[in-house]
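Chemist: So that you have it, the file is model.cif, and it contains mmCIF, C-alpha atoms and all ligand atoms:
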```cif
data_structure
loop_
_atom_site.label_atom_id
_atom_site.label_comp_id
_atom_site.auth_asym_id
_atom_site.auth_seq_id
_atom_site.Cartn_x
_atom_site.Cartn_y
_atom_site.Cartn_z
CA MET J 24 3.14 19.42 105.24
CA ASN J 25 0.85 22.07 103.77
CA LYS J 26 -2.51 22.93 105.35
CA VAL J 27 -5.57 23.35 103.12
CA ILE J 28 -9.22 24.22 103.90
CA LEU J 29 -11.96 22.50 101.89
CA LEU J 30 -15.69 23.06 101.67
CA ASP J 31 -17.00 19.86 103.23
CA ASN J 32 -20.78 20.56 103.22
CA ARG J 33 -22.99 23.09 101.56
CA PRO J 34 -24.37 25.11 104.50
CA VAL J 35 -28.10 25.18 105.10
CA GLY J 36 -28.96 28.48 106.78
CA LYS J 37 -26.14 29.88 108.86
CA PRO J 38 -22.78 28.24 108.00
CA ALA J 39 -21.06 26.23 110.74
CA LEU J 40 -17.47 25.15 111.45
CA SER J 41 -18.49 21.61 110.46
CA ASP J 42 -19.01 22.84 106.87
CA PHE J 43 -15.22 23.21 106.56
CA LYS J 44 -12.50 20.55 106.58
CA PHE J 45 -8.76 20.91 107.19
CA ILE J 46 -6.45 18.53 105.33
CA SER J 47 -2.67 18.25 104.92
CA GLU J 48 -0.99 17.79 101.58
CA GLU J 49 2.61 17.51 100.35
CA MET J 50 4.44 20.86 100.15
CA PRO J 51 4.01 22.17 96.60
CA VAL J 52 7.10 22.88 94.44
CA ALA J 53 7.31 25.60 91.77
CA ASP J 54 7.87 24.16 88.29
CA ASP J 55 9.26 25.97 85.23
CA GLY J 56 7.57 29.39 84.86
CA GLU J 57 5.83 29.02 88.22
CA ILE J 58 6.15 30.76 91.56
CA LEU J 59 5.68 29.42 95.09
CA LEU J 60 3.49 31.60 97.30
CA LYS J 61 3.19 31.75 101.07
CA THR J 62 -0.20 33.04 102.24
CA VAL J 63 0.14 36.13 104.43
CA TYR J 64 -3.34 37.71 104.72
CA VAL J 65 -6.70 36.15 103.85
CA SER J 66 -9.83 38.16 103.16
CA VAL J 67 -13.11 36.68 104.38
CA ASP J 68 -16.16 38.22 102.70
CA PRO J 69 -19.94 37.86 102.90
CA TYR J 70 -20.22 36.98 99.18
CA LEU J 71 -18.37 33.69 99.85
CA ARG J 72 -21.59 32.50 101.50
CA GLY J 73 -23.34 32.62 98.12
CA ARG J 74 -20.56 30.59 96.52
CA MET J 75 -21.16 27.83 99.09
CA ASN J 76 -24.63 27.19 97.63
CA ASP J 77 -25.01 24.95 94.63
CA ALA J 78 -26.57 27.75 92.63
CA LYS J 79 -25.58 29.66 89.55
CA SER J 80 -24.67 33.27 90.26
CA TYR J 81 -22.28 35.93 89.01
CA VAL J 82 -19.42 33.73 90.28
CA PRO J 83 -19.52 29.92 90.04
CA PRO J 84 -20.22 27.93 93.23
CA PHE J 85 -17.32 26.38 95.16
CA GLU J 86 -16.94 22.69 94.47
CA LEU J 87 -17.58 20.33 97.37
CA HIS J 88 -14.42 18.77 98.91
CA LYS J 89 -12.23 21.27 97.01
CA PRO J 90 -10.30 24.24 98.46
CA ILE J 91 -12.20 27.45 99.12
CA SER J 92 -10.67 30.58 97.62
CA SER J 93 -10.86 34.31 98.32
CA GLY J 94 -8.81 37.48 98.07
CA ILE J 95 -5.34 36.73 99.46
CA ILE J 96 -2.08 38.62 99.91
CA ALA J 97 0.83 36.23 99.49
CA GLN J 98 4.60 36.49 99.45
CA VAL J 99 6.75 34.95 96.75
CA VAL J 100 9.07 32.42 98.43
CA ASP J 101 10.42 30.74 95.27
CA SER J 102 10.31 31.94 91.70
CA ASN J 103 10.93 30.49 88.24
CA ASP J 104 9.36 33.54 86.60
CA SER J 105 11.45 36.67 86.07
CA ALA J 106 8.35 38.87 86.59
CA PHE J 107 8.29 37.89 90.29
CA LYS J 108 11.17 38.14 92.76
CA ILE J 109 11.48 36.27 96.03
CA GLY J 110 10.04 38.57 98.72
CA ASP J 111 7.52 40.29 96.41
CA TYR J 112 3.95 40.63 97.71
CA VAL J 113 1.10 39.77 95.35
CA SER J 114 -2.69 39.91 95.65
CA GLY J 115 -5.24 37.77 93.88
CA ASN J 116 -7.97 35.21 94.23
CA LEU J 117 -6.11 32.25 95.73
CA ASP J 118 -6.91 29.01 97.54
CA TRP J 119 -7.16 28.70 101.31
CA LYS J 120 -3.75 26.97 101.50
CA GLU J 121 -0.69 27.92 103.50
CA TYR J 122 1.49 27.51 100.39
CA GLN J 123 0.52 27.19 96.72
CA VAL J 124 2.10 27.43 93.31
CA SER J 125 0.87 29.82 90.66
CA THR J 126 1.66 30.74 87.07
CA GLY J 127 1.24 34.36 88.15
CA ASN J 128 -1.88 34.61 86.02
CA GLY J 129 -4.42 37.00 87.57
CA LEU J 130 -2.00 38.10 90.31
CA GLN J 131 -1.14 41.72 90.95
CA LEU J 132 2.21 42.82 92.28
CA ILE J 133 1.91 45.14 95.25
CA GLY J 134 4.33 47.98 94.88
CA ALA J 135 3.73 50.37 97.77
CA PRO J 136 5.84 49.26 100.71
CA ASP J 137 4.90 52.36 102.76
CA ILE J 138 1.25 51.21 103.02
CA ASP J 139 0.51 48.01 104.94
CA VAL J 140 -0.06 45.30 102.34
CA SER J 141 -3.26 44.15 104.08
CA ALA J 142 -4.94 47.37 102.86
CA TYR J 143 -4.98 45.78 99.40
CA LEU J 144 -7.68 43.41 100.66
CA GLY J 145 -9.82 46.28 101.94
CA VAL J 146 -9.75 49.98 101.25
CA LEU J 147 -7.31 49.61 98.31
CA GLY J 148 -8.86 46.33 97.15
CA MET J 149 -12.25 44.93 96.25
CA THR J 150 -14.21 46.45 99.13
CA GLY J 151 -12.76 49.96 98.65
CA LEU J 152 -13.57 49.83 94.94
CA THR J 153 -17.09 48.65 95.73
CA ALA J 154 -17.65 51.57 98.09
CA TYR J 155 -16.17 54.14 95.74
CA LEU J 156 -17.80 53.00 92.49
CA GLY J 157 -21.19 52.02 93.95
CA LEU J 158 -21.52 55.37 95.66
CA LEU J 159 -20.17 57.62 92.91
CA GLU J 160 -21.57 55.83 89.86
CA ILE J 161 -25.06 54.97 91.19
CA GLY J 162 -25.47 57.10 94.31
CA VAL J 163 -24.10 60.24 92.56
CA PRO J 164 -23.73 62.20 95.82
CA LYS J 165 -24.16 65.96 95.85
CA GLN J 166 -23.14 68.55 98.40
CA GLY J 167 -25.67 68.87 101.24
CA GLU J 168 -27.56 65.63 100.49
CA THR J 169 -28.35 63.02 103.13
CA LEU J 170 -26.66 59.65 102.65
CA VAL J 171 -27.74 56.63 104.72
CA VAL J 172 -25.43 53.60 104.80
CA SER J 173 -26.38 50.20 106.23
CA GLY J 174 -23.68 47.77 107.35
CA ALA J 175 -21.96 51.07 108.06
CA ALA J 176 -19.15 49.85 110.30
CA GLY J 177 -18.04 47.10 107.92
CA ALA J 178 -15.41 47.08 105.20
CA VAL J 179 -17.56 48.62 102.45
CA GLY J 180 -19.81 50.74 104.69
CA SER J 181 -17.03 52.51 106.57
CA VAL J 182 -15.46 53.61 103.27
CA VAL J 183 -18.82 54.64 101.75
CA GLY J 184 -19.52 56.91 104.73
CA GLN J 185 -16.14 58.60 104.49
CA ILE J 186 -16.46 59.18 100.75
CA GLY J 187 -19.93 60.59 101.39
CA LYS J 188 -18.35 63.10 103.79
CA ILE J 189 -15.66 63.96 101.22
CA MET J 190 -18.49 64.68 98.75
CA GLY J 191 -20.17 67.03 101.24
CA CYS J 192 -23.07 64.80 102.33
CA ARG J 193 -24.64 64.47 105.74
CA VAL J 194 -23.94 60.82 106.55
CA VAL J 195 -26.04 58.52 108.74
CA GLY J 196 -24.78 55.00 109.49
CA ILE J 197 -26.85 52.00 110.56
CA THR J 198 -24.93 49.38 112.51
CA GLY J 199 -25.30 46.60 115.09
CA SER J 200 -23.80 47.88 118.34
CA ASP J 201 -23.31 51.06 120.38
CA HIS J 202 -19.56 50.50 120.25
CA LYS J 203 -19.64 50.46 116.45
CA ALA J 204 -21.97 53.48 116.41
CA ASN J 205 -19.52 55.50 118.53
CA PHE J 206 -16.64 54.30 116.40
CA LEU J 207 -18.39 55.51 113.22
CA LYS J 208 -18.57 59.00 114.66
CA SER J 209 -15.14 59.16 116.25
CA LYS J 210 -13.03 57.48 113.57
CA PHE J 211 -14.98 57.98 110.34
CA HIS J 212 -16.82 61.25 111.14
CA PHE J 213 -20.37 60.02 110.46
CA ASP J 214 -22.89 62.68 111.50
CA GLU J 215 -25.49 60.34 113.04
CA THR J 216 -25.78 56.63 113.74
CA ILE J 217 -28.52 54.11 114.51
CA ASN J 218 -27.94 50.84 116.35
CA TYR J 219 -30.55 48.66 114.63
CA LYS J 220 -30.27 45.99 117.32
CA ASN J 221 -31.63 48.18 120.10
CA THR J 222 -34.00 50.33 118.03
CA VAL J 223 -37.64 49.29 118.26
CA ASP J 224 -38.98 51.66 115.60
CA LEU J 225 -36.41 51.93 112.81
CA ASN J 226 -38.71 54.01 110.64
CA ARG J 227 -38.93 56.65 113.37
CA ALA J 228 -35.18 56.49 114.07
CA ILE J 229 -34.48 57.24 110.40
CA LYS J 230 -37.01 60.12 110.42
CA THR J 231 -35.29 61.57 113.49
CA THR J 232 -31.71 61.22 112.22
CA CYS J 233 -32.62 62.34 108.67
CA PRO J 234 -34.92 65.34 109.19
CA ASP J 235 -34.55 66.32 105.52
CA GLY J 236 -35.27 62.79 104.26
CA VAL J 237 -32.91 60.33 102.53
CA ASP J 238 -31.37 61.26 99.16
CA ILE J 239 -29.04 58.27 98.84
CA TYR J 240 -29.31 54.88 100.51
CA PHE J 241 -26.24 52.66 100.11
CA ASP J 242 -27.65 49.25 100.96
CA ASN J 243 -25.32 46.55 102.28
CA VAL J 244 -27.85 44.50 104.23
CA GLY J 245 -31.33 44.37 102.65
CA GLY J 246 -34.36 43.08 104.60
CA LYS J 247 -36.20 45.00 107.31
CA ILE J 248 -33.54 47.69 107.73
CA SER J 249 -33.87 48.61 104.07
CA ASP J 250 -37.67 48.49 104.23
CA ALA J 251 -37.53 51.16 106.95
CA VAL J 252 -35.11 53.37 105.00
CA LEU J 253 -37.34 53.13 101.93
CA GLN J 254 -40.19 54.75 103.89
CA ASN J 255 -38.07 57.89 104.21
CA ILE J 256 -36.64 58.51 100.74
CA ASN J 257 -36.85 61.84 98.99
CA LYS J 258 -37.92 62.58 95.45
CA HIS J 259 -35.17 61.40 93.02
CA ALA J 260 -33.46 59.27 95.69
CA ARG J 261 -30.74 56.86 94.48
CA MET J 262 -30.24 53.47 96.10
CA PRO J 263 -27.17 51.44 95.12
CA LEU J 264 -27.93 47.84 96.15
CA CYS J 265 -24.53 46.51 97.13
CA GLY J 266 -25.43 43.49 99.25
CA ALA J 267 -28.13 41.85 101.34
CA ILE J 268 -26.24 40.09 104.12
CA SER J 269 -29.34 39.95 106.35
CA MET J 270 -30.82 37.52 103.80
CA TYR J 271 -27.81 35.40 102.79
CA ASN J 272 -28.67 32.61 105.24
CA ASN J 273 -32.41 32.54 104.49
CA THR J 274 -33.73 29.09 103.71
CA SER J 275 -36.95 30.29 102.10
CA GLN J 276 -37.93 33.17 99.86
CA ALA J 277 -38.43 36.29 101.98
CA LEU J 278 -41.46 38.44 101.23
CA GLY J 279 -40.88 42.12 101.79
CA PRO J 280 -43.01 45.16 101.09
CA TYR J 281 -43.66 45.76 97.39
CA VAL J 282 -41.40 48.64 96.47
CA GLN J 283 -42.91 49.79 93.17
CA PRO J 284 -45.42 52.39 94.50
CA ILE J 285 -42.70 54.14 96.52
CA LEU J 286 -40.20 54.12 93.65
CA VAL J 287 -42.83 55.50 91.27
CA SER J 288 -44.12 58.21 93.59
CA LYS J 289 -40.57 59.32 94.46
CA SER J 290 -39.12 58.97 90.92
CA ALA J 291 -36.44 56.97 92.72
CA LEU J 292 -33.69 54.72 91.39
CA MET J 293 -32.84 51.36 92.97
CA GLN J 294 -29.95 49.65 91.20
CA GLY J 295 -28.08 46.51 92.06
CA PHE J 296 -24.45 46.20 91.03
CA ILE J 297 -21.44 43.95 91.17
CA VAL J 298 -18.16 45.82 91.50
CA SER J 299 -16.81 44.19 88.34
CA ASP J 300 -19.55 46.02 86.37
CA PHE J 301 -17.21 49.00 86.69
CA ALA J 302 -13.94 47.20 85.85
CA ASP J 303 -12.98 49.85 83.29
CA LYS J 304 -12.99 52.41 86.10
CA PHE J 305 -10.77 50.41 88.50
CA PRO J 306 -7.45 52.12 87.64
CA ALA J 307 -8.80 55.65 88.22
CA ALA J 308 -10.69 54.58 91.36
CA LYS J 309 -7.61 52.86 92.84
CA LYS J 310 -5.54 55.97 92.20
CA GLN J 311 -8.07 58.22 93.93
CA LEU J 312 -8.44 55.89 96.95
CA PHE J 313 -4.64 55.65 97.22
CA ASN J 314 -4.23 59.43 97.05
CA TRP J 315 -6.94 60.06 99.66
CA LEU J 316 -5.27 57.52 101.92
CA LYS J 317 -1.83 59.06 101.49
CA GLU J 318 -3.09 62.58 102.19
CA GLY J 319 -5.11 61.40 105.21
CA THR J 320 -8.56 62.31 103.80
CA LEU J 321 -9.52 58.64 104.02
CA THR J 322 -8.70 56.13 106.72
CA TYR J 323 -9.51 52.48 107.39
CA HIS J 324 -9.81 49.93 110.12
CA GLU J 325 -9.21 46.18 110.15
CA THR J 326 -10.28 43.42 112.48
CA VAL J 327 -7.32 41.05 112.28
CA ILE J 328 -7.76 37.44 113.39
CA ASN J 329 -4.56 35.46 113.80
CA GLY J 330 -3.71 32.06 112.36
CA PHE J 331 -4.55 29.97 109.29
CA ASP J 332 -6.75 27.70 111.41
CA ALA J 333 -8.97 30.66 112.32
CA ILE J 334 -10.10 31.40 108.71
CA PRO J 335 -13.49 29.59 108.93
CA GLU J 336 -14.21 31.15 112.33
CA ALA J 337 -13.40 34.63 110.99
CA PHE J 338 -15.77 34.03 108.07
CA LEU J 339 -18.58 32.90 110.40
CA GLY J 340 -17.95 36.01 112.51
CA LEU J 341 -19.16 38.23 109.65
CA PHE J 342 -22.70 36.98 110.27
CA GLU J 343 -22.40 37.76 113.99
CA GLY J 344 -21.11 41.30 113.44
CA ASN J 345 -17.72 40.40 114.97
CA ASN J 346 -15.80 42.79 112.72
CA GLU J 347 -15.22 46.52 112.68
CA GLY J 348 -13.93 47.55 109.27
CA LYS J 349 -12.39 44.83 107.11
CA MET J 350 -12.28 41.29 108.51
CA ILE J 351 -8.87 39.82 107.74
CA VAL J 352 -6.94 36.74 108.82
CA LYS J 353 -3.19 37.09 109.35
CA VAL J 354 -1.59 33.74 108.70
P1 LIG N 401 -18.78 43.75 106.41
O1 LIG N 401 -17.39 44.12 106.72
O2 LIG N 401 -19.83 44.80 106.42
O3 LIG N 401 -19.17 42.55 107.38
C1 LIG N 401 -20.45 42.09 107.50
C2 LIG N 401 -21.29 42.93 108.50
O4 LIG N 401 -22.64 42.75 108.19
C3 LIG N 401 -21.17 42.48 109.94
O5 LIG N 401 -20.07 43.02 110.61
C4 LIG N 401 -22.50 42.92 110.54
O6 LIG N 401 -22.37 44.23 111.11
C5 LIG N 401 -23.42 43.01 109.33
N1 LIG N 401 -24.49 42.01 109.44
C6 LIG N 401 -24.34 40.67 109.61
N2 LIG N 401 -25.55 40.09 109.68
C7 LIG N 401 -26.47 41.09 109.56
C8 LIG N 401 -27.90 41.12 109.58
N3 LIG N 401 -28.64 40.00 109.72
N4 LIG N 401 -28.51 42.32 109.46
C9 LIG N 401 -27.80 43.45 109.31
N5 LIG N 401 -26.44 43.49 109.29
C10 LIG N 401 -25.80 42.32 109.41
O7 LIG N 401 -18.81 43.09 104.96
P2 LIG N 401 -18.40 43.80 103.61
O8 LIG N 401 -18.21 45.24 103.85
O9 LIG N 401 -17.33 43.03 102.97
O10 LIG N 401 -19.72 43.61 102.73
C11 LIG N 401 -20.87 44.40 103.00
C12 LIG N 401 -21.96 44.05 102.00
O11 LIG N 401 -21.52 44.38 100.69
C13 LIG N 401 -22.29 42.56 101.97
O12 LIG N 401 -23.68 42.41 101.77
C14 LIG N 401 -21.52 42.05 100.77
O13 LIG N 401 -22.07 40.90 100.22
C15 LIG N 401 -21.62 43.25 99.84
N6 LIG N 401 -20.57 43.35 98.84
C16 LIG N 401 -20.98 43.54 97.55
C17 LIG N 401 -20.08 43.71 96.54
C18 LIG N 401 -20.59 43.96 95.17
O14 LIG N 401 -19.80 43.92 94.21
N7 LIG N 401 -21.88 44.26 95.03
C19 LIG N 401 -18.63 43.65 96.80
C20 LIG N 401 -18.29 43.53 98.22
C21 LIG N 401 -19.25 43.38 99.18
P3 LIG N 401 -23.43 44.75 112.25
O15 LIG N 401 -22.72 44.60 113.55
O16 LIG N 401 -23.65 46.16 111.84
O17 LIG N 401 -24.65 43.89 112.17
#
```
Rewrite the structure of this file - the entire thing - as structure tokens.
Ligand code: NDP
Modeler:
Amino acid sequence: MNKVILLDNRPVGKPALSDFKFISEEMPVADDGEILLKTVYVSVDPYLRGRMNDAKSYVPPFELHKPISSGIIAQVVDSNDSAFKIGDYVSGNLDWKEYQVSTGNGLQLIGAPDIDVSAYLGVLGMTGLTAYLGLLEIGVPKQGETLVVSGAAGAVGSVVGQIGKIMGCRVVGITGSDHKANFLKSKFHFDETINYKNTVDLNRAIKTTCPDGVDIYFDNVGGKISDAVLQNINKHARMPLCGAISMYNNTSQALGPYVQPILVSKSALMQGFIVSDFADKFPAAKKQLFNWLKEGTLTYHETVINGFDAIPEAFLGLFEGNNEGKMIVKV
């Protein structure tokens, strides 16, 4: 039998294990022109939380009592399509099922056996592209500038910080533990870090770690952390708004400081984006990320959770800060 994970309830506030349901179904069989895929790695991502609400957004909501889907690396185990051979690895947005059939539509063949295929869910996949394009297209980093990154030890943040260093910036990362803060310096070469969970006065901590002010703020978290960074921006600062995970489980409208006076007085840019806004730039961005990875200029880290049954738990762990780098489930 084939295991499948459904969305059983729309979460209110923080999602819980009871919002997910495991069912068994008959093993699928590939028909004419179809391929049979075995799930190998599953990406769990903060944006999936938004899809669990019954609200219109840039991606449609998940349907209740239907399989959840996300970025998945799968292996072809049967093929009636000459474009796919048994043993090939593919990536795409697929259902949380152990096995599934596909027409191959929307799937990408992975053709670099010397790089671990899981990297195509992170640094060489959606989160790497988000880091690269959000920083370069909106942040426009320049040599000697100060870049602050929130959610710095996560999938997007850890790549943003490294690209900032490649571009010659001084990079300051905000994260949720001393272990992560040390890791940012030792593995990803951040210049300074702030553990927001044990910092009483974030505004002061940013002033201290950014003595020349903040030129670019890559915002992954929103909320109070971002309010504090905003107090320290320089004239002509750029702020790519990538995500707001600190607010994804809010049950009422949060009221923050009004940002307009600061943006006006600093001639600053705050711009939200969805990575697909830059779809025309994906091929060049992928090539650059791949080359940096091959030459060792860029590195990555994954938190790998084992087992299909652990997918919901891994997803919930994102809201507890359980991951360093990309959170991935190995099935
Ligand atoms: P991460 O790998 O960064 O995982 C989530 C991390 O968020 C956790 O490890 C935790 O780290 C931090 N976090 C959780 N709750 C809070 C909180 N209340 N306050 C502050 N930090 C918190 O995820 P991704 O790198 O995949 O995504 C990062 C952000 O980018 C998300 O907001 C996501 O939605 C967004 N995103 C946007 C895209 C776009 O196209 N715009 C595409 C991809 C991602 P810690 O221990 O530091 O608290």
Chemist: For Asn205 of chain J, work out the shell of residues within 12 Å, counting all atoms listed in the file and skipping chain neighbours fewer than 3 positions away, then give it as a PDB file with C-alpha atoms, in the frame of the given file.
Modeler:
```pdb
ATOM      1  CA  ALA J 175     -21.960  51.070 108.060  1.00  0.00           C
ATOM      2  CA  ALA J 176     -19.150  49.850 110.300  1.00  0.00           C
ATOM      3  CA  GLY J 196     -24.780  55.000 109.490  1.00  0.00           C
ATOM      4  CA  ILE J 197     -26.850  52.000 110.560  1.00  0.00           C
ATOM      5  CA  THR J 198     -24.930  49.380 112.510  1.00  0.00           C
ATOM      6  CA  GLY J 199     -25.300  46.600 115.090  1.00  0.00           C
ATOM      7  CA  SER J 200     -23.800  47.880 118.340  1.00  0.00           C
ATOM      8  CA  ASP J 201     -23.310  51.060 120.380  1.00  0.00           C
ATOM      9  CA  HIS J 202     -19.560  50.500 120.250  1.00  0.00           C
ATOM     10  CA  LYS J 208     -18.570  59.000 114.660  1.00  0.00           C
ATOM     11  CA  SER J 209     -15.140  59.160 116.250  1.00  0.00           C
ATOM     12  CA  LYS J 210     -13.030  57.480 113.570  1.00  0.00           C
ATOM     13  CA  PHE J 211     -14.980  57.980 110.340  1.00  0.00           C
ATOM     14  CA  HIS J 212     -16.820  61.250 111.140  1.00  0.00           C
ATOM     15  CA  PHE J 213     -20.370  60.020 110.460  1.00  0.00           C
ATOM     16  CA  ASP J 214     -22.890  62.680 111.500  1.00  0.00           C
ATOM     17  CA  GLU J 215     -25.490  60.340 113.040  1.00  0.00           C
ATOM     18  CA  THR J 216     -25.780  56.630 113.740  1.00  0.00           C
ATOM     19  CA  ILE J 217     -28.520  54.110 114.510  1.00  0.00           C
ATOM     20  CA  ASN J 218     -27.940  50.840 116.350  1.00  0.00           C
ATOM     21  CA  GLU J 347     -15.220  46.520 112.680  1.00  0.00           C
TER      22      GLU J 347
END
```
Chemist: Could you tell me, counting all atoms listed in the file, which protein and nucleic acid residues lie no more than 7 Å from ligand LIG 401 (chain N), written as a PyMOL selection string?
Modeler: chain J and resi 68-70+149-150+153+174-180+197-200+243-244+265-270+296-299+341-350
Chemist: Atom CA of Lys353 of chain J and atom CA of Phe43 of chain J, how far apart in Å?
Modeler: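 Computing the Euclidean distance for atom CA of Phe43 of chain J and atom CA of Lys353 of chain J yields 18.6 Å.
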Chemist: Would you mind telling me which residue in J:Asp42, J:Glu49, J:Ala78, J:Val352 lies nearest to Ala337 of chain J when using only C-alpha atoms?
Modeler: J:Val352
Chemist: Expressed in Å to a single decimal, how great is the separation between atom CA of Gln98 of chain J and atom CA of Tyr112 of chain J?
Modeler: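 So the two atoms, atom CA of Gln98 of chain J and atom CA of Tyr112 of chain J, lie 4.5 Å apart.
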Chemist: At what distance in Å, to one decimal, does atom CA of Ile334 of chain J lie from atom CA of Leu117 of chain J?
Modeler: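 Atom CA of Ile334 of chain J lies 13.6 Å from atom CA of Leu117 of chain J.
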Chemist: Please enclose the listed atoms of segment 204-208 of chain J in an axis-aligned box, pad each side by 3 Å, and write out the centre and the three edge lengths in Å, rounded to one decimal, as JSON.
Modeler:
```
{"center_x": -19.3, "center_y": 56.2, "center_z": 115.9, "size_x": 11.3, "size_y": 11.5, "size_z": 11.3}
```
Chemist: Looking at J:Leu170, J:Val287, J:Leu339, J:Ala142, which one is nearest to Pro34 of chain J, with distances taken over only C-alpha atoms?
Modeler: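 Closest to Pro34 of chain J of all the choices is J:Leu339.
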Chemist: Using only C-alpha atoms, which of the listed residues (J:Asp332, J:Thr274, J:Lys79, J:Tyr155) sits closest to Pro38 of chain J?
Modeler: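 Closest to Pro38 of chain J of all the choices is J:Thr274.
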Chemist: Calculated over all atoms listed in the file, which of the candidates J:Val99, J:Val327, J:Val171, J:Leu147 has the smallest distance to Ala251 of chain J?
Modeler: J:Val171
Chemist: Given the choices J:Leu264, J:Ile351, J:Leu87, J:Met24, which gets closest to His324 of chain J if the distance is worked out from only C-alpha atoms?
Modeler: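 Of all the options, J:Ile351 lies closest to His324 of chain J.
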Chemist: Which one is closest to Asp139 of chain J: J:Val252, J:Ile96, J:Ala53, J:Leu225? Count only C-alpha atoms.
Modeler: J:Ile96
Chemist: In file coordinates, which residues lie within 9 Å of (-18.8, 33.7, 97.8) using all atoms listed in the file, given as a list in words?
Modeler: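 Residues with an atom close enough to that point: Asp68, Pro69, Tyr70, Leu71, Arg72, Gly73, Arg74, Met75, Asn76, Val82, Pro83, Pro84, Phe85, Ser92 and Ser93 of chain J.
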Chemist: Could you pull the residues within 8 Å of Thr169 of chain J, counting all atoms listed in the file, minus those fewer than 3 positions along the same chain, as a list in words?
Modeler: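 Those residues are Cys192, Arg193, Val194, Val195, Cys233, Asp235, Gly236, Val237, Asp238 and Ile239 of chain J.
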